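**Student:** Below is a structure I'd like to ask you about.
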Number of protein chains: 2
Amino acid sequence: MNDDLTARARIRDAAIKLFTERGIEGASIRDIATEAGVSSGLVRHHFGSKEALRAACDTYARDRMFELSRELIDEQGLENVNVGTVQPVAFPLQTYLVRSMMDGSETASALFLQTVEYGEEWAKTHGVVTDDFRAWSAVITAMKLGVYVLREQLELALGEDLASTSGYTRLNRAFVDIFSHPLLTPEQAKNLRKDH
Amino acid sequence: MNDDLTARARIRDAAIKLFTERGIEGASIRDIATEAGVSSGLVRHHFGSKEALRAACDTYARDRMFELSRELIDEQGLENVNVGTVQPVAFPLQTYLVRSMMDGSETASALFLQTVEYGEEWAKTHGVVTDDFRAWSAVITAMKLGVYVLREQLELALGEDLASTSGYTRLNRAFVDIFSHPLLTPEQAKNLRKDH
DNA sequence: TAGACAGCTACACGATCGTGTAGTCAAGTC
DNA sequence: GACTTGACTACACGATCGTGTAGCTGTCTA
């Protein structure tokens, strides 16, 4: 726990942590208060209700993600940003957002749609081969987010923490390998397209 | 509701449906009983506890998935089975298993590991380009399952039901497009591998 | 210095949860 | 025809949940 943070910030961080680990329903206000080192009444005092606390976490995570990607673009330049990789700093925030999305967050769902629309434009202007850019972007977005949802299983399969340098590097290299070599031959693709 | 099924089967189907929609914690025994058209006591009578009911759903979904893939292989032959596509029949079962996995199911997690191991062997014997077959398989498995987890968001982005013929076809074609064309050029891949 | 006010705690409330217990009912067995 | 057994319901239990209320602090300001 970071004692430098205000109680409000500590509650918000504790909520994001427990919501991510146990889901929205699975994390009680009392648990969050204990994790933050405050009374459960203070959670209510600062955020009003559990739903409002969750909404505050949603917008905080979203805005923080925007800040981080903005910083990344400023550092590396728009064209050099690795679209397939993820930032270690953004990992927990992204994980929270996906979990919140699954539990019915409108803020997180809106972010998903926004990402799909951005990916659709990117695909059109970067020579992606498909005749359904919308579906292409939606599926690839869902696939990338799947890594966050199944983080626990992924760590089990790899035998190491994804937040570690080693695990993070393996993850990124796997992304690069997957997206730089075709998995299906043209004949296989042709057959699969006909069958369905 | 299917009146032909025994009460036990109806409870199990209702549990899989509600567990998938609301998560394990979010679906109460009373809700499941109402959905199945029985009393809540009968759920306990047949399955003993909520955890045991969930375990029964896990093994049922897993075994049913094995049956379905066995039938698919018998029909099409092992080499012709589309590794990227999904079966409409298996869709709800797979969705349940992923949800259950997220909520801490050991049965579902074991299935994930098994899938990763199978994919690892497949990659080694089918000329996949990578020096970390384990990570390659784990990431691609997580990515494919992401589509199930984010089914709701995917349907929102595509504007149609994924269980419909049209939605299912768009999904499969997007898979084929993504896996039959490289997203990164060799130079880009080389740069990304160096950076991290 | 009196008063307003935000930060914070303690405690009680109704609702809902999983679970436990008792009992009804119909079908099968001897 | 008495007895057993499994499917099934009704109801009560303790625990936990989100929420409501009252009151205690310290700080700032008019």
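Residues in the structure tokens are numbered from 1 in each chain, the chains being A, B, ... in the order shown, and ligands are numbered from 1 in the order shown.
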Could you tell me, as a ChimeraX atom specification, which residues of segment 3-179 of chain B DSSP assigns to alpha helix (DSSP H) when given the backbone?
**Tutor:** /B:7-26,29-36,40-47,50-76,91-102,106-125,133-149,151-158,165-179
**Student:** Could you list the residues in chain A lying within 9 Å of chain D, using only C-alpha atoms (C1' of nucleotides), and format the result as number ranges by chain?
**Tutor:** A: 28-29, 44, 49-50
**Student:** Give me, as an NGL selection string, the contact residues of chain A against chain C at a cut-off of 9 Å, counting only C-alpha atoms (C1' of nucleotides).
**Tutor:** :A and (38-42 or 45)
**Student:** Using N, CA and C atoms, can you export the residues from the last selection as a compact mmCIF listing (two decimals), in the first residue's frame?
**Tutor:**
```txt
# COMPACT_ATOMS: atom_id res chain seq x y z
N VAL A 38 -8.86 1.64 5.21
CA VAL A 38 -9.83 2.62 5.74
C VAL A 38 -11.11 1.90 6.15
N SER A 39 -12.06 2.65 6.69
CA SER A 39 -13.33 2.04 7.05
C SER A 39 -14.24 1.96 5.83
N SER A 40 -15.21 1.04 5.90
CA SER A 40 -16.09 0.88 4.74
C SER A 40 -16.96 2.12 4.53
N GLY A 41 -17.23 2.84 5.64
CA GLY A 41 -18.03 4.05 5.51
C GLY A 41 -17.34 5.11 4.67
N LEU A 42 -16.00 5.13 4.72
CA LEU A 42 -15.28 6.15 3.97
C LEU A 42 -15.39 5.93 2.46
N HIS A 45 -18.50 7.44 1.68
CA HIS A 45 -18.39 8.89 1.80
C HIS A 45 -17.78 9.50 0.53
```
**Student:** Would you kindly report the residues of chain A within 6 Å of chain B, using only C-alpha atoms, as a PyMOL selection string?
**Tutor:** chain A and resi 130+135-136+142-144+146-147+174+176-177+179-184+189
**Student:** Give me, please, the distance in Å between atom CA of Arg12 of chain B and atom CA of Cys57 of chain B, quoted to one decimal.
**Tutor:**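 We find that atom CA of Arg12 of chain B and atom CA of Cys57 of chain B lie 6.3 Å from each other.
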**Student:** Just how far from atom CA of Leu162 of chain A is atom CA of Pro92 of chain B, in Å to one decimal?
**Tutor:**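 About the pair atom CA of Pro92 of chain B and atom CA of Leu162 of chain A: they are 29.1 Å apart.
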**Student:** Could you please determine the separation between atom CA of Glu75 of chain B and atom CA of Tyr96 of chain B in Å, to one decimal place?
**Tutor:**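 For atom CA of Glu75 of chain B relative to atom CA of Tyr96 of chain B, the distance reads 25.2 Å.
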